[in-house]
Protein chains: 2
Amino acid sequence: MAETVTSLSRKEQVIRKAAELFKEKGYSAASMRDLAQKLGIEAASLYSHIKSKEEILRTLCFDMAAEFRASLAEVEKKQVSASEKLRLGIIGHVKVMAKDLTASAVFMNEHRHLSQPSLREFLLLRINYINRFKQFIEDGIASGDFKKNIDTKLAVMTLFSSLNWMPLWFSPESTIEPENLGTQLADMLINGLKQNP
Amino acid sequence: MAETVTSLSRKEQVIRKAAELFKEKGYSAASMRDLAQKLGIEAASLYSHIKSKEEILRTLCFDMAAEFRASLAEVEKKQVSASEKLRLGIIGHVKVMAKDLTASAVFMNEHRHLSQPSLREFLLLRINYINRFKQFIEDGIASGDFKKNIDTKLAVMTLFSSLNWMPLWFSPESTIEPENLGTQLADMLINGLKQNP
DNA sequence: TTCTTCAACTAACAGTTGTTAGTTTTGCTT
DNA sequence: AAGCAAAACTAACAACTGTTAGTTGAAGAA
């Protein structure tokens, strides 16, 4: 149906501009009138396309979450060592972020403005995702790839801290490619865990 | 003067509660009426103690900034290798954060809501601080402590990403002490830079 | 007791917020 | 040319925003 395509396309346009605005000013400080102005329309006109301000945030957060999960599921299927899974997981995470740095920044910084029950659901997805990375580290310790005396919680939080700030300082005009960036990051972060043989 | 002492103490009480609120809800989503309620007074009464909402944020951000700078200045004085300076700088940074996790979280997440010219001033302090850490890394490369092919910008951004998220997940009830946490973090982050001899 | 100072109060302001209801314009399809 | 749906519009709402002006009660100093 042409109608669906058209309306979806306009709706997505609204959501993309909203993502830019949310990243720039933060969700709370960004008003619907700001958003409307960016699109050259009146604030009330936005509601032809979206149900509420929060629906935009929900869409942004959960769409990104789905992409991260899909990327991780691919890695888990592979028949490789735990440390290699960790490496591929990191690269995958970076690639997903690089595909949409704006949405990634919103995903990471603004999700807390979701109201219940969306917030609870989001946090559950998130902790699950993190725990699966933590599992890679624990498996790596068990197999002797990684040091025995690692604080796994500390390690995994450090890992995600590094990854999640990336969209705030990485610029798409940079000469470094996402794949390359992911590899460098993975090397840097994993070397701290590895045994020194 | 007794008056000054009393008013300062009450003012600081207001600022501390504000820090909790700003961390919890974000600066923009936190209203002066929320803050007043937390203190058990009316919103208008806050203005006996502070000039404006933004003055609170300014105080929080610049007080933290001063502590970080003081800590770094101490490290730079020492007569040790670049990699050791980096290590001590990281530990110092973590210790300053651990002294006030709430203010640290605000410092890191909410500073962007400062208006000009405070924002500009803040960002200049920040870039200066980061560049001095970057210098440690470059010195470490020059002296052969660190690998030659390191992307120093990437390395320093990764470092601060890890450090800056800490106040969001570190809980004061944790068994791990700040000094110990700082040491572990420093080891983990620096091992990725070191030569494998 | 009277004076002073602090820290709270009430009342109100002008502006902004997300959102709604109902209407008009636009551009394609028949 | 007529009909239709998408996408915009105007006008308005109730609630909330940071902040001000002026006032009052309590506590300690003179």
# chains A, B, ... in the order shown; residues from 1 in each chain; ligands from 1
>>> residues_around(residues="segment 17-24 of chain C", least_positions_apart="5", cutoff="10 Å", atoms="only C-alpha atoms (C1' of nucleotides)", output="VMD selection string")
(chain A and resid 31 to 33 43 to 44 47 51 to 53) or (chain D and resid 8 to 13 15 to 17)
>>> write_last_selection(atoms="N, CA, C and O atoms (P, O5', C5', C4', C3', O3' and C1' of nucleotides)", output="tab-separated table (two decimals), in the first residue's frame")
chain	number	residue	atom	x	y	z
A	31	SER	N	11.98	20.19	23.14
A	31	SER	CA	10.52	20.33	23.12
A	31	SER	C	9.97	19.93	21.75
A	31	SER	O	10.67	19.93	20.74
A	32	MET	N	8.70	19.62	21.76
A	32	MET	CA	8.04	19.25	20.50
A	32	MET	C	8.03	20.43	19.54
A	32	MET	O	8.02	20.25	18.33
A	33	ARG	N	8.03	21.64	20.08
A	33	ARG	CA	8.07	22.82	19.21
A	33	ARG	C	9.46	22.98	18.56
A	33	ARG	O	9.57	23.39	17.41
A	43	ALA	N	3.99	22.43	15.70
A	43	ALA	CA	4.12	21.36	16.69
A	43	ALA	C	2.94	20.38	16.62
A	43	ALA	O	3.13	19.15	16.68
A	44	ALA	N	1.76	20.92	16.48
A	44	ALA	CA	0.57	20.05	16.49
A	44	ALA	C	0.59	19.07	15.31
A	44	ALA	O	0.02	17.98	15.41
A	47	TYR	N	1.64	15.30	15.46
A	47	TYR	CA	0.77	14.24	15.96
A	47	TYR	C	-0.04	13.56	14.87
A	47	TYR	O	-0.80	12.65	15.14
A	51	LYS	N	2.33	9.19	18.05
A	51	LYS	CA	1.31	9.24	19.10
A	51	LYS	C	1.71	10.16	20.24
A	51	LYS	O	0.87	10.81	20.86
A	52	SER	N	2.98	10.17	20.56
A	52	SER	CA	3.44	11.00	21.68
A	52	SER	C	4.96	11.19	21.60
A	52	SER	O	5.64	10.48	20.84
A	53	LYS	N	5.46	12.12	22.37
A	53	LYS	CA	6.90	12.34	22.43
A	53	LYS	C	7.60	11.05	22.87
A	53	LYS	O	8.63	10.67	22.31
D	8	DA	P	3.83	17.37	6.90
D	8	DA	O5'	3.28	18.74	7.52
D	8	DA	C5'	3.22	19.87	6.71
D	8	DA	C4'	1.86	20.55	6.77
D	8	DA	C3'	1.58	21.42	7.98
D	8	DA	O3'	2.26	22.64	7.90
D	8	DA	C1'	-0.39	20.30	7.20
D	9	DC	P	2.39	23.56	9.18
D	9	DC	O5'	0.90	24.15	9.38
D	9	DC	C5'	0.36	24.99	8.37
D	9	DC	C4'	-1.10	25.26	8.66
D	9	DC	C3'	-1.36	25.97	9.98
D	9	DC	O3'	-1.39	27.36	9.77
D	9	DC	C1'	-2.90	24.14	9.68
D	10	DT	P	-1.10	28.38	10.97
D	10	DT	O5'	-2.51	28.56	11.72
D	10	DT	C5'	-3.69	28.82	10.98
D	10	DT	C4'	-4.88	28.77	11.92
D	10	DT	C3'	-4.70	29.58	13.20
D	10	DT	O3'	-5.90	30.31	13.45
D	10	DT	C1'	-5.23	27.33	13.74
D	11	DA	P	-5.90	31.48	14.57
D	11	DA	O5'	-6.53	30.70	15.82
D	11	DA	C5'	-7.61	29.81	15.61
D	11	DA	C4'	-7.97	29.12	16.91
D	11	DA	C3'	-7.62	29.93	18.17
D	11	DA	O3'	-8.75	29.98	19.01
D	11	DA	C1'	-6.74	27.73	18.32
D	12	DA	P	-8.78	30.89	20.37
D	12	DA	O5'	-8.60	29.76	21.49
D	12	DA	C5'	-9.35	28.55	21.33
D	12	DA	C4'	-8.73	27.48	22.17
D	12	DA	C3'	-8.35	27.90	23.58
D	12	DA	O3'	-9.38	27.49	24.47
D	12	DA	C1'	-6.79	26.36	22.60
D	13	DC	P	-9.34	27.94	26.01
D	13	DC	O5'	-8.78	26.66	26.78
D	13	DC	C5'	-9.41	25.39	26.63
D	13	DC	C4'	-8.55	24.32	27.26
D	13	DC	C3'	-7.76	24.80	28.46
D	13	DC	O3'	-8.57	24.92	29.65
D	13	DC	C1'	-6.39	23.47	27.04
D	15	DA	P	-5.31	20.72	35.37
D	15	DA	O5'	-3.76	20.41	35.43
D	15	DA	C5'	-3.18	19.52	34.46
D	15	DA	C4'	-1.72	19.86	34.27
D	15	DA	C3'	-1.00	20.22	35.57
D	15	DA	O3'	0.07	19.30	35.76
D	15	DA	C1'	-0.48	21.75	33.83
D	16	DC	P	0.91	19.30	37.08
D	16	DC	O5'	2.25	20.05	36.62
D	16	DC	C5'	2.90	19.65	35.41
D	16	DC	C4'	3.90	20.71	35.02
D	16	DC	C3'	4.81	21.16	36.16
D	16	DC	O3'	6.15	20.87	35.80
D	16	DC	C1'	4.00	23.00	34.90
D	17	DT	P	7.34	21.09	36.84
D	17	DT	O5'	8.02	22.40	36.27
D	17	DT	C5'	8.58	22.38	34.94
D	17	DT	C4'	9.10	23.75	34.59
D	17	DT	C3'	9.84	24.46	35.69
D	17	DT	O3'	11.17	24.03	35.70
D	17	DT	C1'	8.36	25.96	34.56
>>> closest_atom_pairs(of="chain A", to="chain B", cutoff="9 Å", atoms="only C-alpha atoms", output="Markdown table")
| residue | atom | partner | partner_atom | distance |
| --- | --- | --- | --- | --- |
| A:Lys25 | CA | B:His113 | CA | 7.9 |
| A:Gly26 | CA | B:Ser28 | CA | 8.3 |
| A:Tyr27 | CA | B:Ser28 | CA | 8.7 |
| A:Ser28 | CA | B:Ala29 | CA | 5.6 |
| A:Ala29 | CA | B:Ser28 | CA | 5.6 |
| A:Asn109 | CA | B:Asn109 | CA | 8.5 |
| A:Arg112 | CA | B:Lys25 | CA | 8.1 |
| A:His113 | CA | B:Lys25 | CA | 7.9 |
| A:Ile150 | CA | B:Gln184 | CA | 9.0 |
| A:Asp151 | CA | B:Gln184 | CA | 8.7 |
| A:Leu154 | CA | B:Leu185 | CA | 8.1 |
| A:Ala155 | CA | B:Met188 | CA | 8.1 |
| A:Met157 | CA | B:Trp169 | CA | 7.9 |
| A:Thr158 | CA | B:Ser162 | CA | 5.1 |
| A:Leu159 | CA | B:Ser162 | CA | 7.2 |
| A:Phe160 | CA | B:Ser162 | CA | 7.8 |
| A:Ser161 | CA | B:Ser162 | CA | 4.7 |
| A:Ser162 | CA | B:Ser161 | CA | 4.7 |
| A:Leu163 | CA | B:Thr158 | CA | 7.8 |
| A:Asn164 | CA | B:Ser161 | CA | 7.8 |
| A:Trp165 | CA | B:Ser161 | CA | 5.7 |
| A:Met166 | CA | B:Ser161 | CA | 7.9 |
| A:Trp169 | CA | B:Met157 | CA | 7.9 |
| A:Leu181 | CA | B:Leu154 | CA | 8.6 |
| A:Gln184 | CA | B:Asp151 | CA | 8.7 |
| A:Leu185 | CA | B:Thr158 | CA | 8.0 |
| A:Asp187 | CA | B:Gly192 | CA | 7.1 |
| A:Met188 | CA | B:Gly192 | CA | 4.4 |
| A:Leu189 | CA | B:Gly192 | CA | 6.2 |
| A:Ile190 | CA | B:Gly192 | CA | 7.3 |
| A:Asn191 | CA | B:Gly192 | CA | 4.8 |
| A:Gly192 | CA | B:Met188 | CA | 4.4 |
| A:Leu193 | CA | B:Met188 | CA | 6.8 |
| A:Asn196 | CA | B:Asn196 | CA | 8.3 |
>>> residues_around(residues="DT2 of chain C", least_positions_apart="2", cutoff="12 Å", atoms="only C-alpha atoms (C1' of nucleotides)", output="list in words")
DT4 of chain C; DA29 and DA30 of chain D
>>> residues_around(residues="segment 114-117 of chain B", least_positions_apart="2", cutoff="12 Å", atoms="only C-alpha atoms (C1' of nucleotides)", output="PyMOL selection string")
(chain A and resi 25) or (chain B and resi 27-28+53-62+106-107+109-112+119-124)
>>> closest_atom_pairs(of="chain C", to="chain B", cutoff="12 Å", atoms="only C-alpha atoms (C1' of nucleotides)", output="tab-separated table")
residue	atom	partner	partner_atom	distance
C:DT4	C1'	B:Glu3	CA	11.5
C:DT5	C1'	B:Glu3	CA	7.9
C:DC6	C1'	B:Ser7	CA	7.9
C:DA7	C1'	B:Ser48	CA	7.2
C:DA8	C1'	B:Ser45	CA	6.3
C:DC9	C1'	B:Ser45	CA	7.7
C:DT10	C1'	B:Ala44	CA	9.7
C:DA11	C1'	B:Ala44	CA	10.8
C:DA12	C1'	B:Ala44	CA	11.5
C:DT17	C1'	B:Ala29	CA	11.8
>>> select_by_dssp(residues="segment 74-156 of chain A", states="helix (DSSP H, G or I)", output="PyMOL selection string")
chain A and resi 74-77+82-99+101-113+118-142+152-156
>>> interface_residues(of="chain D", to="chain B", cutoff="12 Å", atoms="only C-alpha atoms (C1' of nucleotides)", output="JSON, numbers by chain")
{"D": [16, 17, 18, 19, 20, 21, 28]}
>>> atom_distance(atom1="atom CA of Gly89 of chain A", atom2="atom CA of Ala66 of chain A")
14.7 Å
>>> decode(residues="chain C", atoms="N, CA and C atoms (P, O5', C5', C4', C3', O3' and C1' of nucleotides)", output="JSON list (two decimals), in the first residue's frame")
[["chain", "number", "residue", "atom", "x", "y", "z"],
["C", 1, "DT", "P", 9.09, 41.43, 76.29],
["C", 1, "DT", "O5'", 10.12, 42.30, 77.25],
["C", 1, "DT", "C5'", 9.80, 43.64, 77.65],
["C", 1, "DT", "C4'", 10.74, 44.61, 76.98],
["C", 1, "DT", "C3'", 10.46, 44.79, 75.49],
["C", 1, "DT", "O3'", 10.52, 46.18, 75.17],
["C", 1, "DT", "C1'", 12.72, 44.11, 75.79],
["C", 2, "DT", "P", 9.70, 46.73, 73.93],
["C", 2, "DT", "O5'", 10.86, 46.83, 72.84],
["C", 2, "DT", "C5'", 11.87, 47.82, 73.00],
["C", 2, "DT", "C4'", 13.06, 47.47, 72.11],
["C", 2, "DT", "C3'", 12.72, 47.43, 70.62],
["C", 2, "DT", "O3'", 13.66, 48.27, 69.96],
["C", 2, "DT", "C1'", 13.95, 45.53, 71.25],
["C", 3, "DC", "P", 13.49, 48.70, 68.48],
["C", 3, "DC", "O5'", 14.72, 47.94, 67.80],
["C", 3, "DC", "C5'", 15.97, 47.89, 68.51],
["C", 3, "DC", "C4'", 16.97, 47.05, 67.71],
["C", 3, "DC", "C3'", 16.72, 47.02, 66.20],
["C", 3, "DC", "O3'", 17.96, 47.23, 65.55],
["C", 3, "DC", "C1'", 16.75, 44.81, 67.08],
["C", 4, "DT", "P", 18.07, 47.26, 63.98],
["C", 4, "DT", "O5'", 18.56, 45.79, 63.69],
["C", 4, "DT", "C5'", 19.63, 45.24, 64.49],
["C", 4, "DT", "C4'", 19.99, 43.85, 63.99],
["C", 4, "DT", "C3'", 19.86, 43.66, 62.47],
["C", 4, "DT", "O3'", 21.01, 42.98, 62.03],
["C", 4, "DT", "C1'", 18.58, 42.01, 63.61],
["C", 5, "DT", "P", 21.42, 42.91, 60.49],
["C", 5, "DT", "O5'", 21.34, 41.34, 60.24],
["C", 5, "DT", "C5'", 21.90, 40.46, 61.21],
["C", 5, "DT", "C4'", 21.34, 39.06, 60.99],
["C", 5, "DT", "C3'", 21.16, 38.69, 59.52],
["C", 5, "DT", "O3'", 21.71, 37.41, 59.33],
["C", 5, "DT", "C1'", 19.20, 38.23, 60.73],
["C", 6, "DC", "P", 22.08, 36.85, 57.90],
["C", 6, "DC", "O5'", 21.37, 35.43, 57.93],
["C", 6, "DC", "C5'", 21.49, 34.62, 59.11],
["C", 6, "DC", "C4'", 20.32, 33.67, 59.19],
["C", 6, "DC", "C3'", 20.04, 32.92, 57.89],
["C", 6, "DC", "O3'", 20.10, 31.53, 58.19],
["C", 6, "DC", "C1'", 18.04, 33.84, 58.81],
["C", 7, "DA", "P", 20.15, 30.46, 57.04],
["C", 7, "DA", "O5'", 18.62, 30.05, 56.94],
["C", 7, "DA", "C5'", 17.98, 29.54, 58.09],
["C", 7, "DA", "C4'", 16.50, 29.44, 57.81],
["C", 7, "DA", "C3'", 16.17, 28.82, 56.45],
["C", 7, "DA", "O3'", 15.18, 27.82, 56.63],
["C", 7, "DA", "C1'", 15.03, 30.84, 56.70],
["C", 8, "DA", "P", 14.99, 26.71, 55.55],
["C", 8, "DA", "O5'", 13.50, 26.95, 55.02],
["C", 8, "DA", "C5'", 12.42, 26.58, 55.80],
["C", 8, "DA", "C4'", 11.40, 27.69, 55.95],
["C", 8, "DA", "C3'", 10.36, 27.81, 54.83],
["C", 8, "DA", "O3'", 9.40, 26.80, 54.93],
["C", 8, "DA", "C1'", 10.95, 29.93, 55.76],
["C", 9, "DC", "P", 8.40, 26.50, 53.75],
["C", 9, "DC", "O5'", 7.40, 27.75, 53.76],
["C", 9, "DC", "C5'", 6.55, 27.93, 54.90],
["C", 9, "DC", "C4'", 5.83, 29.28, 54.79],
["C", 9, "DC", "C3'", 4.95, 29.41, 53.56],
["C", 9, "DC", "O3'", 3.64, 28.98, 53.89],
["C", 9, "DC", "C1'", 6.28, 31.39, 53.90],
["C", 10, "DT", "P", 2.67, 28.49, 52.75],
["C", 10, "DT", "O5'", 1.99, 29.82, 52.18],
["C", 10, "DT", "C5'", 1.41, 30.77, 53.07],
["C", 10, "DT", "C4'", 1.02, 32.02, 52.28],
["C", 10, "DT", "C3'", 0.17, 31.72, 51.04],
["C", 10, "DT", "O3'", -0.90, 32.66, 51.00],
["C", 10, "DT", "C1'", 2.10, 32.95, 50.42],
["C", 11, "DA", "P", -2.12, 32.43, 49.99],
["C", 11, "DA", "O5'", -1.70, 33.37, 48.79],
["C", 11, "DA", "C5'", -1.18, 34.67, 49.06],
["C", 11, "DA", "C4'", -0.75, 35.33, 47.76],
["C", 11, "DA", "C3'", -1.53, 34.87, 46.53],
["C", 11, "DA", "O3'", -2.03, 36.02, 45.86],
["C", 11, "DA", "C1'", 0.79, 34.74, 46.13],
["C", 12, "DA", "P", -3.02, 35.89, 44.58],
["C", 12, "DA", "O5'", -1.99, 36.17, 43.39],
["C", 12, "DA", "C5'", -1.05, 37.24, 43.56],
["C", 12, "DA", "C4'", 0.07, 37.07, 42.56],
["C", 12, "DA", "C3'", -0.40, 36.72, 41.15],
["C", 12, "DA", "O3'", -0.31, 37.88, 40.35],
["C", 12, "DA", "C1'", 1.60, 35.57, 41.79],
["C", 13, "DC", "P", -0.93, 37.91, 38.86],
["C", 13, "DC", "O5'", 0.36, 37.82, 37.94],
["C", 13, "DC", "C5'", 1.40, 38.78, 38.10],
["C", 13, "DC", "C4'", 2.62, 38.32, 37.31],
["C", 13, "DC", "C3'", 2.27, 37.57, 36.03],
["C", 13, "DC", "O3'", 1.86, 38.45, 34.97],
["C", 13, "DC", "C1'", 4.04, 36.48, 37.19],
["C", 14, "DA", "P", 2.61, 39.46, 34.11],
["C", 14, "DA", "O5'", 3.48, 38.52, 33.18],
["C", 14, "DA", "C5'", 4.88, 38.81, 33.07],
["C", 14, "DA", "C4'", 5.57, 37.61, 32.44],
["C", 14, "DA", "C3'", 5.08, 37.31, 31.01],
["C", 14, "DA", "O3'", 6.23, 37.05, 30.23],
["C", 14, "DA", "C1'", 4.92, 35.38, 32.34],
["C", 15, "DG", "P", 6.10, 36.97, 28.64],
["C", 15, "DG", "O5'", 6.69, 35.53, 28.28],
["C", 15, "DG", "C5'", 7.88, 35.09, 28.96],
["C", 15, "DG", "C4'", 7.88, 33.58, 29.05],
["C", 15, "DG", "C3'", 7.53, 32.87, 27.74],
["C", 15, "DG", "O3'", 8.66, 32.13, 27.31],
["C", 15, "DG", "C1'", 6.41, 31.88, 29.60],
["C", 16, "DT", "P", 8.70, 31.37, 25.96],
["C", 16, "DT", "O5'", 8.47, 29.86, 26.42],
["C", 16, "DT", "C5'", 9.23, 29.34, 27.52],
["C", 16, "DT", "C4'", 8.73, 27.95, 27.84],
["C", 16, "DT", "C3'", 8.46, 27.09, 26.60],
["C", 16, "DT", "O3'", 9.28, 25.94, 26.69],
["C", 16, "DT", "C1'", 6.65, 26.99, 28.13],
["C", 17, "DT", "P", 9.26, 24.83, 25.56],
["C", 17, "DT", "O5'", 8.26, 23.74, 26.15],
["C", 17, "DT", "C5'", 8.59, 23.06, 27.36],
["C", 17, "DT", "C4'", 7.45, 22.17, 27.78],
["C", 17, "DT", "C3'", 6.86, 21.34, 26.66],
["C", 17, "DT", "O3'", 7.62, 20.15, 26.53],
["C", 17, "DT", "C1'", 5.15, 22.23, 28.08],
["C", 18, "DG", "P", 7.47, 19.28, 25.20],
["C", 18, "DG", "O5'", 6.12, 18.44, 25.40],
["C", 18, "DG", "C5'", 6.00, 17.56, 26.49],
["C", 18, "DG", "C4'", 4.59, 17.00, 26.54],
["C", 18, "DG", "C3'", 4.16, 16.22, 25.29],
["C", 18, "DG", "O3'", 3.43, 15.07, 25.68],
["C", 18, "DG", "C1'", 2.70, 18.07, 25.63],
["C", 19, "DT", "P", 2.89, 14.05, 24.55],
["C", 19, "DT", "O5'", 1.46, 14.71, 24.23],
["C", 19, "DT", "C5'", 0.56, 14.90, 25.32],
["C", 19, "DT", "C4'", -0.71, 15.59, 24.84],
["C", 19, "DT", "C3'", -1.31, 14.98, 23.57],
["C", 19, "DT", "O3'", -2.51, 14.31, 23.94],
["C", 19, "DT", "C1'", -1.40, 17.37, 23.56],
["C", 20, "DT", "P", -3.38, 13.48, 22.86],
["C", 20, "DT", "O5'", -4.55, 14.51, 22.54],
["C", 20, "DT", "C5'", -5.54, 14.82, 23.51],
["C", 20, "DT", "C4'", -6.55, 15.76, 22.88],
["C", 20, "DT", "C3'", -6.95, 15.37, 21.48],
["C", 20, "DT", "O3'", -8.09, 14.49, 21.42],
["C", 20, "DT", "C1'", -6.44, 17.71, 21.60],
["C", 21, "DA", "P", -9.56, 14.62, 21.49],
["C", 21, "DA", "O5'", -10.01, 15.90, 20.60],
["C", 21, "DA", "C5'", -10.52, 17.05, 21.28],
["C", 21, "DA", "C4'", -11.09, 18.06, 20.30],
["C", 21, "DA", "C3'", -11.81, 17.44, 19.10],
["C", 21, "DA", "O3'", -13.08, 18.09, 18.95],
["C", 21, "DA", "C1'", -10.11, 18.93, 18.35],
["C", 22, "DG", "P", -14.11, 17.58, 17.79],
["C", 22, "DG", "O5'", -13.87, 18.65, 16.64],
["C", 22, "DG", "C5'", -13.80, 20.04, 16.97],
["C", 22, "DG", "C4'", -13.26, 20.81, 15.78],
["C", 22, "DG", "C3'", -13.85, 20.36, 14.43],
["C", 22, "DG", "O3'", -14.30, 21.52, 13.71],
["C", 22, "DG", "C1'", -11.50, 20.41, 14.32],
["C", 23, "DT", "P", -14.87, 21.37, 12.20],
["C", 23, "DT", "O5'", -13.68, 22.00, 11.35],
["C", 23, "DT", "C5'", -13.10, 23.23, 11.78],
["C", 23, "DT", "C4'", -12.00, 23.65, 10.81],
["C", 23, "DT", "C3'", -12.37, 23.54, 9.33],
["C", 23, "DT", "O3'", -12.05, 24.77, 8.68],
["C", 23, "DT", "C1'", -10.32, 22.43, 9.75],
["C", 24, "DT", "P", -12.52, 25.04, 7.21],
["C", 24, "DT", "O5'", -11.14, 24.98, 6.42],
["C", 24, "DT", "C5'", -10.09, 25.88, 6.78],
["C", 24, "DT", "C4'", -8.80, 25.40, 6.14],
["C", 24, "DT", "C3'", -8.81, 25.37, 4.60],
["C", 24, "DT", "O3'", -7.72, 26.17, 4.15],
["C", 24, "DT", "C1'", -7.93, 23.37, 5.48],
["C", 25, "DT", "P", -7.65, 26.65, 2.66],
["C", 25, "DT", "O5'", -6.42, 25.82, 2.06],
["C", 25, "DT", "C5'", -5.13, 25.98, 2.66],
["C", 25, "DT", "C4'", -4.30, 24.75, 2.35],
["C", 25, "DT", "C3'", -3.96, 24.54, 0.87],
["C", 25, "DT", "O3'", -2.57, 24.69, 0.73],
["C", 25, "DT", "C1'", -4.54, 22.51, 1.96],
["C", 26, "DT", "P", -1.95, 24.78, -0.74],
["C", 26, "DT", "O5'", -1.48, 23.30, -1.06],
["C", 26, "DT", "C5'", -0.64, 22.59, -0.12],
["C", 26, "DT", "C4'", -0.55, 21.14, -0.54],
["C", 26, "DT", "C3'", -0.36, 20.94, -2.03],
["C", 26, "DT", "O3'", 0.91, 20.34, -2.24],
["C", 26, "DT", "C1'", -2.00, 19.44, -1.14],
["C", 27, "DG", "P", 1.53, 20.23, -3.70],
["C", 27, "DG", "O5'", 1.21, 18.72, -4.12],
["C", 27, "DG", "C5'", 1.45, 17.67, -3.18],
["C", 27, "DG", "C4'", 0.82, 16.40, -3.70],
["C", 27, "DG", "C3'", 0.91, 16.22, -5.22],
["C", 27, "DG", "O3'", 1.15, 14.85, -5.48],
["C", 27, "DG", "C1'", -1.32, 16.06, -4.55],
["C", 28, "DC", "P", 1.79, 14.39, -6.85],
["C", 28, "DC", "O5'", 1.08, 12.98, -7.12],
["C", 28, "DC", "C5'", 1.14, 11.98, -6.09],
["C", 28, "DC", "C4'", -0.18, 11.25, -6.01],
["C", 28, "DC", "C3'", -0.55, 10.46, -7.26],
["C", 28, "DC", "O3'", -0.69, 9.09, -6.90],
["C", 28, "DC", "C1'", -2.41, 11.72, -6.47],
["C", 29, "DT", "P", -0.77, 7.97, -8.04],
["C", 29, "DT", "O5'", -2.33, 7.62, -8.09],
["C", 29, "DT", "C5'", -3.02, 7.37, -6.86],
["C", 29, "DT", "C4'", -4.50, 7.08, -7.15],
["C", 29, "DT", "C3'", -4.78, 6.28, -8.42],
["C", 29, "DT", "O3'", -5.78, 5.32, -8.13],
["C", 29, "DT", "C1'", -5.97, 8.32, -8.50],
["C", 30, "DT", "P", -6.06, 4.14, -9.18],
["C", 30, "DT", "O5'", -7.46, 4.56, -9.82],
["C", 30, "DT", "C5'", -8.64, 4.53, -9.02],
["C", 30, "DT", "C4'", -9.68, 5.51, -9.56],
["C", 30, "DT", "C3'", -10.34, 5.06, -10.86],
["C", 30, "DT", "O3'", -11.67, 4.59, -10.58],
["C", 30, "DT", "C1'", -9.92, 7.42, -10.77]]
